[in-house]
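See structure below.
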Amino acid sequence: MNARRLRRYIDDLLCGRRPRPFDADRFEAAQIRTAIELRAARTASGAPSEDFLTDLQRRLAAWIPGAQENADPPNGPHATRRQVVVAASAAALAGSAGVVAGAATERVAPDGRSHANRPSMQPGDGSWQVVAASADVPAGVMRPFDVGSVVGFVRRVNGQPEAISGVCTHQGCRLWFDRPLDQLHCPCHPTSFSPTGQVLGHLLRIAPDPLPRLDVRELDGSIEVFVAEKPPNEPA
Amino acid sequence: MMAQREPTAGAGLRVAADTGSCYPDWAAVYADNAIWVYRMIVKRIGNVPDAEDLTAEVFLAALRPLRTTATVAQVRGYLRAITRSVLAAHWRQTTGCDITSIDDVPEVSHEADHAVDIAAAQQVRRVLASLPDNYRRILDLRFLQGRSINESATQMGVSVANAKVLQHRALRRAAALTEKDEH
């Protein structure tokens, strides 16, 4: 009974039209797959059109908060650099200067001004959360914390707090800190990380990613970590 | 150390990026990844309108919660995971059943991309080679050369109705062969 719908699906596919969904059984789905594979084997198929790419970029610019400015930098050559400054920058500047442990991004705009209202990629979808009292993180201590959505470790490097995720990048197991060896270990597979989050050793087929660094600041005797509402490395 | 954008980095330019570094902004994420995301989708969907919609869906879902501190490698892993779930949702919607082969979305690199293309082309050649002549010809004309049913019928010297039946049967046979390959 689906035969006609399957035929129409294949016809649409061949004509470059959008096929209409239907309840395919297993073998019909296999035929659709085969048709797609055959079609994809055609030469010169596969590249997106420039028009589509440009149009999508424009739609994204309109949709992502703060991206409008990125698309059309109003302030000359510095604007691009400034987009590096995340939403948290103003808060970081308000606290003690320079305490943010940025991985590879710059927190302060080149002109030294803060841009509280110019978020770019993480527009306030998160909050600063206290993870420890300043006094509880003396030099040389790796202090674990758990604020629900984020688990990690905080320590001081040259007096400034730094924080990394405490969850293994392989399968999400919670890491523990081996003080004598100064390493983080995964209980699930023999994987170890340095206090900066670099992979020191593993027996996996593919090396796991280093541990993500977390944005951290020190404010009024507390150490706080920026917790995104939806962690970027844990897609649904 | 940041991903360098070329001065003319417009839509879709594939920018060379050190995977340990970070993207300066969402536009750089888009410019560096839009093409492979689209290709990954269109290869598995087979039609442009749906592929464009799903590509947009991936970036709309991905870019909002993305943080600049994520490395290039992490961003790509994240995009790959979203692409996979968008494809899975599309398949469930389109055919009402899960299609398992989309699980094998590979690591992103030019080499891997190329290897997948080659593997797919070999698979197609293998299937075509094991079909009877007239089945192979109709599939070649219709799918690989993109000829219309009328043109294909003329080429093969059969009636249009006959060509339609041939195409239908050839696709069934090819799908059965592909299924057998996998089990």
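Numbering starts fresh at 1 for the residues of each chain in the structure tokens, the chains themselves are lettered A, B, ... in the order given, and ligands are numbered from 1 as they appear.
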Produce a table with one row for each residue of chain A that has an atom at most 6 Å from any atom of chain B, each row naming the nearest atom pair and its distance in Å at one decimal; use only C-alpha atoms; arrange rows by chain and rising residue number; format as JSON lines.
```
{"residue": "A:Leu13", "atom": "CA", "partner": "B:Asn47", "partner_atom": "CA", "distance": 5.8}
{"residue": "A:Gly16", "atom": "CA", "partner": "B:Asn47", "partner_atom": "CA", "distance": 5.5}
{"residue": "A:Arg18", "atom": "CA", "partner": "B:Pro49", "partner_atom": "CA", "distance": 5.7}
{"residue": "A:Pro21", "atom": "CA", "partner": "B:Thr94", "partner_atom": "CA", "distance": 4.1}
{"residue": "A:Phe22", "atom": "CA", "partner": "B:Thr95", "partner_atom": "CA", "distance": 5.4}
{"residue": "A:Asp23", "atom": "CA", "partner": "B:Thr95", "partner_atom": "CA", "distance": 4.9}
{"residue": "A:Ala24", "atom": "CA", "partner": "B:Thr95", "partner_atom": "CA", "distance": 4.7}
{"residue": "A:Ala30", "atom": "CA", "partner": "B:Ala175", "partner_atom": "CA", "distance": 5.6}
{"residue": "A:Gln31", "atom": "CA", "partner": "B:Ala175", "partner_atom": "CA", "distance": 4.9}
{"residue": "A:Thr34", "atom": "CA", "partner": "B:Ala175", "partner_atom": "CA", "distance": 5.5}
{"residue": "A:Ile36", "atom": "CA", "partner": "B:Gly46", "partner_atom": "CA", "distance": 4.8}
{"residue": "A:Leu38", "atom": "CA", "partner": "B:Phe143", "partner_atom": "CA", "distance": 5.9}
{"residue": "A:Arg39", "atom": "CA", "partner": "B:Phe143", "partner_atom": "CA", "distance": 5.1}
{"residue": "A:Ala40", "atom": "CA", "partner": "B:Lys43", "partner_atom": "CA", "distance": 5.5}
{"residue": "A:Ala41", "atom": "CA", "partner": "B:Ala121", "partner_atom": "CA", "distance": 5.7}
{"residue": "A:Arg42", "atom": "CA", "partner": "B:Leu144", "partner_atom": "CA", "distance": 4.7}
{"residue": "A:Gly46", "atom": "CA", "partner": "B:Arg39", "partner_atom": "CA", "distance": 5.3}
{"residue": "A:Leu53", "atom": "CA", "partner": "B:Ala11", "partner_atom": "CA", "distance": 5.6}
{"residue": "A:Thr54", "atom": "CA", "partner": "B:Ala11", "partner_atom": "CA", "distance": 5.3}
{"residue": "A:Val84", "atom": "CA", "partner": "B:Pro24", "partner_atom": "CA", "distance": 5.4}
{"residue": "A:Met121", "atom": "CA", "partner": "B:Arg67", "partner_atom": "CA", "distance": 5.6}
{"residue": "A:Gln122", "atom": "CA", "partner": "B:Arg67", "partner_atom": "CA", "distance": 5.3}
{"residue": "A:Pro232", "atom": "CA", "partner": "B:Leu66", "partner_atom": "CA", "distance": 5.4}
```
**OP:** Please identify all polymer residues within 8 Å of segment 139-153 of chain A, counting only C-alpha atoms, omitting same-chain residues fewer than 5 positions from it, and present them as an MDAnalysis selection string.
**Re:** chainID A and resid 129 131:132 159 163:167 177 195 227
Quick one: residues within 8 Å of Ala163 of chain B, only C-alpha atoms, excluding same-chain residues fewer than 5 positions away - as a PDB file with N, CA and C atoms, in the first residue's frame?
```
ATOM      1  N   ILE B 138      19.458   1.201 -15.928  1.00  0.00           N
ATOM      2  CA  ILE B 138      18.402   2.149 -15.541  1.00  0.00           C
ATOM      3  C   ILE B 138      18.827   2.958 -14.308  1.00  0.00           C
ATOM      4  N   ILE B 149      12.901  10.049 -16.862  1.00  0.00           N
ATOM      5  CA  ILE B 149      12.408   8.705 -17.166  1.00  0.00           C
ATOM      6  C   ILE B 149      12.211   8.546 -18.675  1.00  0.00           C
ATOM      7  N   SER B 152      15.623   8.168 -20.286  1.00  0.00           N
ATOM      8  CA  SER B 152      16.176   6.858 -19.965  1.00  0.00           C
ATOM      9  C   SER B 152      15.516   5.763 -20.797  1.00  0.00           C
ATOM     10  N   ALA B 153      14.188   5.878 -20.954  1.00  0.00           N
ATOM     11  CA  ALA B 153      13.453   4.887 -21.738  1.00  0.00           C
ATOM     12  C   ALA B 153      13.948   4.893 -23.184  1.00  0.00           C
ATOM     13  N   VAL B 158      13.196   1.108 -24.534  1.00  0.00           N
ATOM     14  CA  VAL B 158      11.991   0.483 -23.959  1.00  0.00           C
ATOM     15  C   VAL B 158      10.923   1.555 -23.778  1.00  0.00           C
TER      16      VAL B 158
END
```
With distances taken over only C-alpha atoms, the candidate from B:Asp133, B:Glu57, B:Glu151, B:Asp32 nearest Leu166 of chain B is B:Asp133
